Amino acid sequence: MSYLPEKKHILASGIFNQTLRDWQGLNCALTAKNFMYPIFIIDNENEIQPIKSMPGVCRYGINKLKSHLEPLVKNGLSSILIFGVSEKLPKDELGTHADSNENPVILALPKLKKWFPNLMIACDLCLCPYTSHGHCGILNKDGTINNAKSLKRLAQIALSYAKAGADIIAPSDMMDGRIGAIKQILIDNDFGNKVAVLSYAAKFASSFYGPFRDAAKSAPTFGDRKCYQLPPNSSGLALRATKRDVEEGADMIMVKPGLPYLDIVQTTRAHFPEYPLFIYQVSGEYAMIYYAAQAGVIDLKVVLLEVLTSMRRAGADVIITYFTPQLLDWLANKSKI
Ligand code: PBG
Ligand code: ZN
């Protein structure tokens, strides 16, 4: 006699066509609203610079951004995350040019707002692209972080970005107390209900940022970031960091990097069901998928969609990914996604 599974143990009856399969996890759907597109803006206004370590990703001068973004907005792009990269402005200990009048982000914001009034513009807020030492805060003479000075400077820069038109401030520096300091200065200057704060809450000291540091010219000139970014083994500290940022007033929270930290995403989602949760598929993750596909060992589209689905399944609402243009194109062309 052959073995017959019990009625409720027959799973194949629930997945024999695509709609039935979709119903098994509709909360993992991938739509345009689930993606935020990171963009590097340079101060050579008319240039487009391919980034060697991230094939397919470029840095854009402001005069090249409109035509790059127009088709994406048409395809449903609803938010971007901008990074300034300067080739002309001198770096110093205080990161003076993070918010000077010549800063590429400060210059780009009013134009982007005018061209794309409905596009949500988040500004990465950090000192590392603008400091001579390449660290994310202001340093003491002995090379340690000066927390008070760092908070003051970061808050100032946040205010400058808000004044220039930023919708969202996204501090990636990981200095203790920055969310509170940024919220306070925004409220004091009447931006309390006009600018949101997206905290890089659980940001780990990761080697997956390598290609980005090349793209943003933001590698530290000495040491590493282990004294302010989270140790990769620290799930408890990650939760404390997120709790702290939420208490200080973060509107939205993030886990970064993405794929190697899905357990953190799941725990964060469970502890903070009330907050929009972002996940950053960082530069090294982009490069891994890109190069594996290029080598012919995986299929880019199928693997990418599987990875992004895993991020949604773990509990992320919005995925920050360099693949956004490609994804929007697939979605717009109604090819199966
Ligand atoms: C700046 C910053 C980094 C990333 C985003 N903002 C690099 C770092 O912390 O060293 C990484 C993004 C990526 O790798 O795609 N603090
Ligand atoms: Zn930094």
# chains A, B, ... in the order shown; residues from 1 in each chain; ligands from 1

call {"tool": "closest_atom_pairs", "arguments": {"of": "stretch 4-52 of chain A", "to": "stretch 76-97 of chain A", "cutoff": "6 Å", "atoms": "only C-alpha atoms", "output": "JSON lines"}}
result
{"residue": "A:Ala32", "atom": "CA", "partner": "A:Gly76", "partner_atom": "CA", "distance": 5.6}
{"residue": "A:Met36", "atom": "CA", "partner": "A:Ser79", "partner_atom": "CA", "distance": 5.1}
{"residue": "A:Tyr37", "atom": "CA", "partner": "A:Ile80", "partner_atom": "CA", "distance": 4.5}
{"residue": "A:Pro38", "atom": "CA", "partner": "A:Leu81", "partner_atom": "CA", "distance": 4.5}
{"residue": "A:Ile39", "atom": "CA", "partner": "A:Ile82", "partner_atom": "CA", "distance": 4.9}
{"residue": "A:Phe40", "atom": "CA", "partner": "A:Phe83", "partner_atom": "CA", "distance": 4.8}
{"residue": "A:Ile41", "atom": "CA", "partner": "A:Gly84", "partner_atom": "CA", "distance": 5.0}
{"residue": "A:Ile42", "atom": "CA", "partner": "A:Val85", "partner_atom": "CA", "distance": 4.9}
{"residue": "A:Asp43", "atom": "CA", "partner": "A:Ser86", "partner_atom": "CA", "distance": 5.6}

call {"tool": "residues_around", "arguments": {"residues": "stretch 168-177 of chain A", "least_positions_apart": "4", "cutoff": "10 Å", "atoms": "only C-alpha atoms", "output": "JSON, numbers by chain"}}
result
{"A": [79, 80, 81, 82, 120, 121, 122, 123, 124, 125, 126, 127, 128, 135, 136, 137, 138, 145, 146, 147, 148, 150, 151, 154, 155, 157, 158, 159, 161, 162, 181, 182, 183, 194, 195, 196, 197, 198, 199, 200, 201, 202, 203, 204, 225, 227, 228, 229, 230, 241, 244, 245, 248, 250, 251, 252, 253, 254, 256]}

call {"tool": "residues_around", "arguments": {"residues": "A:Pro231", "least_positions_apart": "3", "cutoff": "8 Å", "atoms": "only C-alpha atoms", "output": "JSON, numbers by chain"}}
result
{"A": [204, 205, 226, 234]}

call {"tool": "write_last_selection", "arguments": {"atoms": "all heavy atoms", "output": "PDB file, in the first residue's frame"}}
result
ATOM      1  N   PHE A 204      26.473  48.341  11.075  1.00  0.00           N
ATOM      2  CA  PHE A 204      27.589  47.516  11.534  1.00  0.00           C
ATOM      3  C   PHE A 204      28.903  47.941  10.871  1.00  0.00           C
ATOM      4  O   PHE A 204      28.908  48.451   9.753  1.00  0.00           O
ATOM      5  CB  PHE A 204      27.295  46.043  11.234  1.00  0.00           C
ATOM      6  CG  PHE A 204      26.181  45.488  12.093  1.00  0.00           C
ATOM      7  CD1 PHE A 204      24.856  45.661  11.725  1.00  0.00           C
ATOM      8  CD2 PHE A 204      26.472  44.848  13.289  1.00  0.00           C
ATOM      9  CE1 PHE A 204      23.820  45.183  12.531  1.00  0.00           C
ATOM     10  CE2 PHE A 204      25.448  44.365  14.102  1.00  0.00           C
ATOM     11  CZ  PHE A 204      24.122  44.530  13.725  1.00  0.00           C
ATOM     12  N   ALA A 205      30.004  47.722  11.582  1.00  0.00           N
ATOM     13  CA  ALA A 205      31.345  47.980  11.041  1.00  0.00           C
ATOM     14  C   ALA A 205      31.634  46.861  10.048  1.00  0.00           C
ATOM     15  O   ALA A 205      32.078  45.782  10.424  1.00  0.00           O
ATOM     16  CB  ALA A 205      32.369  47.979  12.165  1.00  0.00           C
ATOM     17  N   LYS A 226      35.634  50.909  14.037  1.00  0.00           N
ATOM     18  CA  LYS A 226      35.120  49.930  15.001  1.00  0.00           C
ATOM     19  C   LYS A 226      34.705  50.541  16.333  1.00  0.00           C
ATOM     20  O   LYS A 226      34.014  49.900  17.121  1.00  0.00           O
ATOM     21  CB  LYS A 226      36.165  48.840  15.251  1.00  0.00           C
ATOM     22  CG  LYS A 226      36.308  47.901  14.067  1.00  0.00           C
ATOM     23  CD  LYS A 226      37.327  46.817  14.338  1.00  0.00           C
ATOM     24  CE  LYS A 226      37.566  45.997  13.083  1.00  0.00           C
ATOM     25  NZ  LYS A 226      38.819  45.243  13.160  1.00  0.00           N
ATOM     26  N   SER A 234      27.182  41.625  17.300  1.00  0.00           N
ATOM     27  CA  SER A 234      26.440  42.204  18.418  1.00  0.00           C
ATOM     28  C   SER A 234      24.957  42.388  18.147  1.00  0.00           C
ATOM     29  O   SER A 234      24.536  43.436  17.701  1.00  0.00           O
ATOM     30  CB  SER A 234      27.037  43.573  18.772  1.00  0.00           C
ATOM     31  OG  SER A 234      26.808  44.478  17.713  1.00  0.00           O
TER      32      SER A 234
END

call {"tool": "closest_residue", "arguments": {"among": "A:Gly249, A:Pro211, A:Pro273, A:Pro232", "to": "A:Pro55", "atoms": "only C-alpha atoms"}}
result
A:Pro211

call {"tool": "atom_distance", "arguments": {"atom1": "atom CA of A:Asp329", "atom2": "atom CA of A:Gly56"}}
result
14.6 Å

call {"tool": "select_by_dssp", "arguments": {"residues": "stretch 120-286 of chain A", "states": "strand (DSSP E or B)", "output": "PyMOL selection string"}}
result
chain A and resi 120-125+131+139+145+168-171+196-204+230+252-256+277-281

call {"tool": "write_last_selection", "arguments": {"atoms": "N, CA, C and O atoms", "output": "short mmCIF file (atom, residue, chain, number, x, y, z; two decimals), in the first residue's frame"}}
result
data_model
loop_
_atom_site.label_atom_id
_atom_site.label_comp_id
_atom_site.auth_asym_id
_atom_site.auth_seq_id
_atom_site.Cartn_x
_atom_site.Cartn_y
_atom_site.Cartn_z
N MET A 120 10.84 62.16 -2.84
CA MET A 120 11.36 62.32 -1.48
C MET A 120 12.88 62.29 -1.53
O MET A 120 13.47 61.30 -1.99
N ILE A 121 13.49 63.35 -1.01
CA ILE A 121 14.95 63.40 -1.06
C ILE A 121 15.53 63.24 0.34
O ILE A 121 15.34 64.08 1.22
N ALA A 122 16.24 62.13 0.52
CA ALA A 122 16.95 61.89 1.77
C ALA A 122 18.42 62.26 1.57
O ALA A 122 18.99 61.96 0.52
N CYS A 123 19.01 62.91 2.57
CA CYS A 123 20.43 63.26 2.49
C CYS A 123 21.20 62.43 3.49
O CYS A 123 20.91 62.49 4.70
N ASP A 124 22.18 61.68 3.01
CA ASP A 124 23.09 61.00 3.94
C ASP A 124 23.85 62.09 4.68
O ASP A 124 24.33 63.05 4.09
N LEU A 125 23.90 61.96 6.00
CA LEU A 125 24.59 62.96 6.80
C LEU A 125 25.78 62.29 7.48
O LEU A 125 25.62 61.42 8.33
N THR A 131 36.09 65.23 5.96
CA THR A 131 37.16 65.45 6.95
C THR A 131 38.50 64.98 6.40
O THR A 131 38.57 64.00 5.63
N LEU A 139 37.45 64.71 15.80
CA LEU A 139 38.38 63.96 16.66
C LEU A 139 39.06 64.85 17.71
O LEU A 139 39.27 66.05 17.48
N ILE A 145 37.10 60.01 19.33
CA ILE A 145 35.97 60.86 18.93
C ILE A 145 35.65 61.89 20.01
O ILE A 145 35.57 61.56 21.19
N ILE A 168 14.33 64.41 4.08
CA ILE A 168 14.73 63.42 5.09
C ILE A 168 16.22 63.61 5.38
O ILE A 168 17.02 63.73 4.45
N ILE A 169 16.58 63.63 6.66
CA ILE A 169 17.99 63.62 7.05
C ILE A 169 18.31 62.20 7.51
O ILE A 169 17.61 61.64 8.36
N ALA A 170 19.36 61.63 6.93
CA ALA A 170 19.73 60.25 7.25
C ALA A 170 21.15 60.20 7.81
O ALA A 170 22.11 60.06 7.05
N PRO A 171 21.30 60.33 9.12
CA PRO A 171 22.65 60.32 9.70
C PRO A 171 23.26 58.92 9.71
O PRO A 171 22.68 57.99 10.28
N ALA A 196 11.93 64.78 8.04
CA ALA A 196 11.95 63.52 8.79
C ALA A 196 13.39 63.08 9.03
O ALA A 196 14.31 63.48 8.32
N VAL A 197 13.56 62.24 10.05
CA VAL A 197 14.89 61.70 10.32
C VAL A 197 14.86 60.17 10.17
O VAL A 197 14.08 59.48 10.82
N LEU A 198 15.68 59.70 9.26
CA LEU A 198 15.85 58.26 9.04
C LEU A 198 17.18 57.87 9.66
O LEU A 198 18.24 58.25 9.15
N SER A 199 17.13 57.13 10.76
CA SER A 199 18.37 56.78 11.44
C SER A 199 19.00 55.50 10.87
O SER A 199 18.32 54.49 10.72
N TYR A 200 20.30 55.58 10.55
CA TYR A 200 21.07 54.37 10.30
C TYR A 200 21.25 53.76 11.70
O TYR A 200 22.31 53.88 12.30
N ALA A 201 20.20 53.14 12.21
CA ALA A 201 20.18 52.77 13.63
C ALA A 201 21.12 51.60 13.93
O ALA A 201 21.96 51.67 14.82
N ALA A 202 20.94 50.51 13.19
CA ALA A 202 21.79 49.34 13.39
C ALA A 202 22.76 49.26 12.22
O ALA A 202 22.55 48.53 11.25
N LYS A 203 23.81 50.06 12.33
CA LYS A 203 24.83 50.08 11.26
C LYS A 203 26.09 49.41 11.77
O LYS A 203 26.69 49.84 12.75
N PHE A 204 26.47 48.34 11.07
CA PHE A 204 27.59 47.52 11.53
C PHE A 204 28.90 47.94 10.87
O PHE A 204 28.91 48.45 9.75
N LEU A 230 28.79 49.27 14.81
CA LEU A 230 28.54 48.10 15.67
C LEU A 230 29.39 46.90 15.28
O LEU A 230 29.59 46.64 14.09
N MET A 252 12.17 57.00 11.30
CA MET A 252 12.32 55.74 10.58
C MET A 252 13.67 55.14 10.94
O MET A 252 14.59 55.87 11.31
N ILE A 253 13.77 53.83 10.84
CA ILE A 253 15.00 53.16 11.28
C ILE A 253 15.56 52.25 10.17
O ILE A 253 14.85 51.89 9.24
N MET A 254 16.84 51.91 10.31
CA MET A 254 17.51 51.14 9.25
C MET A 254 18.44 50.08 9.81
O MET A 254 19.02 50.27 10.89
N VAL A 255 18.55 49.00 9.09
CA VAL A 255 19.59 48.00 9.35
C VAL A 255 20.53 48.00 8.13
O VAL A 255 20.09 48.04 6.99
N LYS A 256 21.83 47.94 8.39
CA LYS A 256 22.83 48.04 7.32
C LYS A 256 24.11 47.35 7.76
O LYS A 256 24.55 47.58 8.89
N LEU A 277 10.74 50.39 8.44
CA LEU A 277 12.06 49.78 8.59
C LEU A 277 12.76 49.70 7.24
O LEU A 277 12.24 49.11 6.29
N PHE A 278 13.94 50.30 7.17
CA PHE A 278 14.73 50.31 5.95
C PHE A 278 15.86 49.28 6.07
O PHE A 278 16.34 48.99 7.18
N ILE A 279 16.29 48.77 4.93
CA ILE A 279 17.45 47.90 4.89
C ILE A 279 18.33 48.41 3.74
O ILE A 279 17.81 48.80 2.70
N TYR A 280 19.63 48.45 3.96
CA TYR A 280 20.55 48.96 2.94
C TYR A 280 21.32 47.80 2.32
O TYR A 280 22.12 47.16 3.01
N GLN A 281 21.01 47.52 1.05
CA GLN A 281 21.81 46.54 0.31
C GLN A 281 23.05 47.30 -0.16
O GLN A 281 23.01 48.04 -1.13
#

call {"tool": "closest_residue", "arguments": {"among": "A:Ser206, A:Asn189, A:Ser2, A:Asn75", "to": "ligand 1", "atoms": "only C-alpha atoms and all ligand atoms"}}
result
A:Ser206

call {"tool": "decode", "arguments": {"residues": "stretch 232-271 of chain A", "atoms": "N, CA and C atoms", "output": "mmCIF file, in the first residue's frame"}}
result
data_model
loop_
_atom_site.group_PDB
_atom_site.id
_atom_site.type_symbol
_atom_site.label_atom_id
_atom_site.label_comp_id
_atom_site.auth_asym_id
_atom_site.auth_seq_id
_atom_site.Cartn_x
_atom_site.Cartn_y
_atom_site.Cartn_z
ATOM 1 N N PRO A 232 30.062 43.193 14.232
ATOM 2 C CA PRO A 232 29.168 42.285 13.506
ATOM 3 C C PRO A 232 28.529 41.185 14.373
ATOM 4 N N ASN A 233 29.119 40.876 15.509
ATOM 5 C CA ASN A 233 28.540 39.817 16.352
ATOM 6 C C ASN A 233 27.500 40.338 17.340
ATOM 7 N N SER A 234 27.182 41.625 17.300
ATOM 8 C CA SER A 234 26.440 42.204 18.418
ATOM 9 C C SER A 234 24.957 42.388 18.147
ATOM 10 N N SER A 235 24.164 41.362 18.439
ATOM 11 C CA SER A 235 22.725 41.543 18.224
ATOM 12 C C SER A 235 22.088 42.357 19.351
ATOM 13 N N GLY A 236 22.598 42.177 20.583
ATOM 14 C CA GLY A 236 22.040 42.944 21.706
ATOM 15 C C GLY A 236 22.314 44.425 21.573
ATOM 16 N N LEU A 237 23.546 44.752 21.235
ATOM 17 C CA LEU A 237 23.920 46.163 21.098
ATOM 18 C C LEU A 237 23.148 46.812 19.942
ATOM 19 N N ALA A 238 22.903 46.030 18.888
ATOM 20 C CA ALA A 238 22.135 46.560 17.748
ATOM 21 C C ALA A 238 20.744 46.972 18.197
ATOM 22 N N LEU A 239 20.147 46.142 19.036
ATOM 23 C CA LEU A 239 18.811 46.450 19.539
ATOM 24 C C LEU A 239 18.841 47.684 20.447
ATOM 25 N N ARG A 240 19.883 47.769 21.292
ATOM 26 C CA ARG A 240 20.021 48.954 22.155
ATOM 27 C C ARG A 240 20.182 50.217 21.326
ATOM 28 N N ALA A 241 20.967 50.117 20.248
ATOM 29 C CA ALA A 241 21.198 51.283 19.393
ATOM 30 C C ALA A 241 19.877 51.760 18.783
ATOM 31 N N THR A 242 19.093 50.803 18.308
ATOM 32 C CA THR A 242 17.822 51.173 17.673
ATOM 33 C C THR A 242 16.842 51.744 18.698
ATOM 34 N N LYS A 243 16.782 51.094 19.870
ATOM 35 C CA LYS A 243 15.907 51.597 20.942
ATOM 36 C C LYS A 243 16.272 53.018 21.293
ATOM 37 N N ARG A 244 17.565 53.267 21.443
ATOM 38 C CA ARG A 244 18.068 54.598 21.798
ATOM 39 C C ARG A 244 17.645 55.619 20.745
ATOM 40 N N ASP A 245 17.857 55.281 19.459
ATOM 41 C CA ASP A 245 17.521 56.231 18.388
ATOM 42 C C ASP A 245 16.018 56.501 18.326
ATOM 43 N N VAL A 246 15.236 55.475 18.588
ATOM 44 C CA VAL A 246 13.777 55.641 18.619
ATOM 45 C C VAL A 246 13.391 56.573 19.768
ATOM 46 N N GLU A 247 14.003 56.371 20.908
ATOM 47 C CA GLU A 247 13.702 57.243 22.057
ATOM 48 C C GLU A 247 14.107 58.684 21.790
ATOM 49 N N GLU A 248 15.170 58.859 21.010
ATOM 50 C CA GLU A 248 15.623 60.220 20.699
ATOM 51 C C GLU A 248 14.797 60.869 19.593
ATOM 52 N N GLY A 249 13.852 60.101 19.017
ATOM 53 C CA GLY A 249 12.926 60.726 18.075
ATOM 54 C C GLY A 249 13.065 60.357 16.616
ATOM 55 N N ALA A 250 13.794 59.278 16.297
ATOM 56 C CA ALA A 250 13.903 58.864 14.885
ATOM 57 C C ALA A 250 12.504 58.588 14.322
ATOM 58 N N ASP A 251 12.262 59.023 13.097
ATOM 59 C CA ASP A 251 10.976 58.756 12.451
ATOM 60 C C ASP A 251 10.987 57.394 11.775
ATOM 61 N N MET A 252 12.173 56.996 11.304
ATOM 62 C CA MET A 252 12.319 55.738 10.576
ATOM 63 C C MET A 252 13.668 55.136 10.944
ATOM 64 N N ILE A 253 13.774 53.829 10.839
ATOM 65 C CA ILE A 253 15.003 53.158 11.277
ATOM 66 C C ILE A 253 15.562 52.254 10.172
ATOM 67 N N MET A 254 16.840 51.908 10.311
ATOM 68 C CA MET A 254 17.506 51.139 9.247
ATOM 69 C C MET A 254 18.438 50.081 9.815
ATOM 70 N N VAL A 255 18.553 48.999 9.086
ATOM 71 C CA VAL A 255 19.593 48.000 9.349
ATOM 72 C C VAL A 255 20.527 48.000 8.135
ATOM 73 N N LYS A 256 21.832 47.941 8.393
ATOM 74 C CA LYS A 256 22.828 48.037 7.324
ATOM 75 C C LYS A 256 24.110 47.349 7.762
ATOM 76 N N PRO A 257 24.738 46.501 6.903
ATOM 77 C CA PRO A 257 24.311 46.020 5.584
ATOM 78 C C PRO A 257 23.031 45.193 5.629
ATOM 79 N N GLY A 258 22.676 44.600 4.461
ATOM 80 C CA GLY A 258 21.410 43.898 4.352
ATOM 81 C C GLY A 258 21.501 42.410 4.534
ATOM 82 N N LEU A 259 21.873 41.704 3.470
ATOM 83 C CA LEU A 259 21.782 40.241 3.453
ATOM 84 C C LEU A 259 22.478 39.543 4.632
ATOM 85 N N PRO A 260 23.697 39.970 5.049
ATOM 86 C CA PRO A 260 24.323 39.237 6.166
ATOM 87 C C PRO A 260 23.694 39.562 7.522
ATOM 88 N N TYR A 261 22.693 40.462 7.553
ATOM 89 C CA TYR A 261 22.118 40.907 8.832
ATOM 90 C C TYR A 261 20.600 40.746 8.887
ATOM 91 N N LEU A 262 20.076 39.749 8.163
ATOM 92 C CA LEU A 262 18.619 39.576 8.126
ATOM 93 C C LEU A 262 18.044 39.182 9.481
ATOM 94 N N ASP A 263 18.860 38.519 10.310
ATOM 95 C CA ASP A 263 18.379 38.198 11.662
ATOM 96 C C ASP A 263 18.125 39.488 12.447
ATOM 97 N N ILE A 264 18.980 40.488 12.221
ATOM 98 C CA ILE A 264 18.807 41.781 12.892
ATOM 99 C C ILE A 264 17.531 42.466 12.388
ATOM 100 N N VAL A 265 17.292 42.334 11.101
ATOM 101 C CA VAL A 265 16.071 42.923 10.524
ATOM 102 C C VAL A 265 14.848 42.298 11.187
ATOM 103 N N GLN A 266 14.866 40.983 11.297
ATOM 104 C CA GLN A 266 13.706 40.289 11.858
ATOM 105 C C GLN A 266 13.466 40.680 13.330
ATOM 106 N N THR A 267 14.549 40.750 14.103
ATOM 107 C CA THR A 267 14.409 41.143 15.515
ATOM 108 C C THR A 267 13.956 42.595 15.620
ATOM 109 N N THR A 268 14.535 43.454 14.775
ATOM 110 C CA THR A 268 14.165 44.866 14.815
ATOM 111 C C THR A 268 12.689 45.021 14.463
ATOM 112 N N ARG A 269 12.262 44.306 13.444
ATOM 113 C CA ARG A 269 10.837 44.372 13.050
ATOM 114 C C ARG A 269 9.943 43.944 14.209
ATOM 115 N N ALA A 270 10.353 42.866 14.898
ATOM 116 C CA ALA A 270 9.533 42.356 15.999
ATOM 117 C C ALA A 270 9.454 43.363 17.146
ATOM 118 N N HIS A 271 10.550 44.060 17.429
ATOM 119 C CA HIS A 271 10.564 45.004 18.545
ATOM 120 C C HIS A 271 9.964 46.356 18.195
#
